[in-house]
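K.L.:
Right, I'll just put the structure down here and ask away after.
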Amino acid sequence: MKFPWDLTDPPAKPPPGCRDGQRWRTAHALYREHDLEDTGAHCRCGESWPCSTHRRAIRALATAYLQAGPVMVGASTAHDVCRWCARTIVSHPDHGWIHPYDGYVTCDPPHPDVSPAATAEPTTTTR
């Protein structure tokens, strides 16, 4: 998924089209607190770069941009397992495959080859 803002330098102010400005501002503050140190190997928190909190902040920015409030998914929605993180995902009518229980459209990738804002993706095409 492409966003109209740079994932490596999101604006502090919610961009046009952002559906949840308060969530955006909170996520952005967290994003800045967990930024890359000058050495290029560690987060400001001391963990290896990128730390899990930094990745969650990116996910929260994406969620704030795409939706307001909690994820609402009907009971008859198709479900699968995410190929990136192996958690349950469901088909959402507006956003494709999402993680319904943590409110994120994107997921933490299990390996460094995947973008930190990898979209939830099913392991199979039918369930």
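By order of appearance in the structure tokens: chains A, B, ..., then residues from 1 within every chain, and ligands from 1 in the order shown.
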List the spatial neighbours of A:Ala12 as a PDB file with N, CA and C atoms, in the first residue's frame - criterion: any atom at most 10 Å away, only C-alpha atoms, same-chain residues fewer than 6 positions off excluded.
P.N.:
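Final output, saved to around_34.pdb:
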ATOM      1  N   TRP A  24      -3.109   9.888  15.142  1.00  0.00           N
ATOM      2  CA  TRP A  24      -1.936  10.277  14.361  1.00  0.00           C
ATOM      3  C   TRP A  24      -0.927  11.004  15.249  1.00  0.00           C
ATOM      4  N   ARG A  25      -1.392  12.005  16.012  1.00  0.00           N
ATOM      5  CA  ARG A  25      -0.484  12.791  16.848  1.00  0.00           C
ATOM      6  C   ARG A  25       0.191  11.918  17.910  1.00  0.00           C
ATOM      7  N   THR A  26      -0.551  11.009  18.503  1.00  0.00           N
ATOM      8  CA  THR A  26       0.011  10.103  19.500  1.00  0.00           C
ATOM      9  C   THR A  26       1.050   9.179  18.863  1.00  0.00           C
ATOM     10  N   ALA A  27       0.708   8.609  17.721  1.00  0.00           N
ATOM     11  CA  ALA A  27       1.624   7.706  17.015  1.00  0.00           C
ATOM     12  C   ALA A  27       2.876   8.445  16.561  1.00  0.00           C
ATOM     13  N   HIS A  28       2.707   9.687  16.107  1.00  0.00           N
ATOM     14  CA  HIS A  28       3.862  10.457  15.642  1.00  0.00           C
ATOM     15  C   HIS A  28       4.828  10.747  16.791  1.00  0.00           C
ATOM     16  N   ALA A  29       4.293  11.077  17.963  1.00  0.00           N
ATOM     17  CA  ALA A  29       5.148  11.330  19.132  1.00  0.00           C
ATOM     18  C   ALA A  29       5.943  10.070  19.477  1.00  0.00           C
ATOM     19  N   TYR A  31       6.677   7.661  17.383  1.00  0.00           N
ATOM     20  CA  TYR A  31       7.609   7.471  16.264  1.00  0.00           C
ATOM     21  C   TYR A  31       8.892   8.274  16.511  1.00  0.00           C
ATOM     22  N   ARG A  32       8.745   9.528  16.913  1.00  0.00           N
ATOM     23  CA  ARG A  32       9.912  10.391  17.139  1.00  0.00           C
ATOM     24  C   ARG A  32      10.723   9.952  18.358  1.00  0.00           C
TER      25      ARG A  32
END
K.L.:
Point out the residue among A:Gln67, A:Ser48, A:Thr53, A:Thr123 with the least atom-to-atom distance to A:His34, counting only C-alpha atoms.
P.N.:
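Of A:Gln67, A:Ser48, A:Thr53, A:Thr123, the one nearest A:His34 is A:Thr53, counting only C-alpha atoms.
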K.L.:
Rounded to one decimal place, report the atom CA of A:Tyr65-atom CA of A:Pro122 distance in Å.
P.N.:
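Interatomic distance here is 22.3 Å.
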K.L.:
Record the distance separating atom CA of A:Thr8 and atom CA of A:Ala120, expressed in Å with one decimal.
P.N.:
19.7 Å
K.L.:
Fewer than 2 positions away in the same chain doesn't count, so skip those; otherwise give me all residues within 12 Å of A:Leu61, counting only C-alpha atoms, as a ChimeraX atom specification.
P.N.:
/A:3-15,18-32,54-59,63-68,103-106,116-117
K.L.:
Could you jot down the atom CA of A:Asp38 to atom CA of A:Ser52 separation for me, Å, one decimal place?
P.N.:
18.5 Å
K.L.:
Just list the residues in stretch 5-64 of chain A DSSP gives alpha helix (DSSP H) on the backbone, as a list in words.
P.N.:
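Of stretch 5-64 of chain A, only Gly21, Gln22, Arg23, Trp24, Arg25, Thr26, Ala27, His28, Ala29, Leu30, Tyr31, Arg32, Glu33, Ser52, Thr53, His54, Arg55, Arg56, Ala57, Ile58, Arg59, Ala60, Leu61, Ala62, Thr63 and Ala64 of chain A fall in alpha helix (DSSP H).
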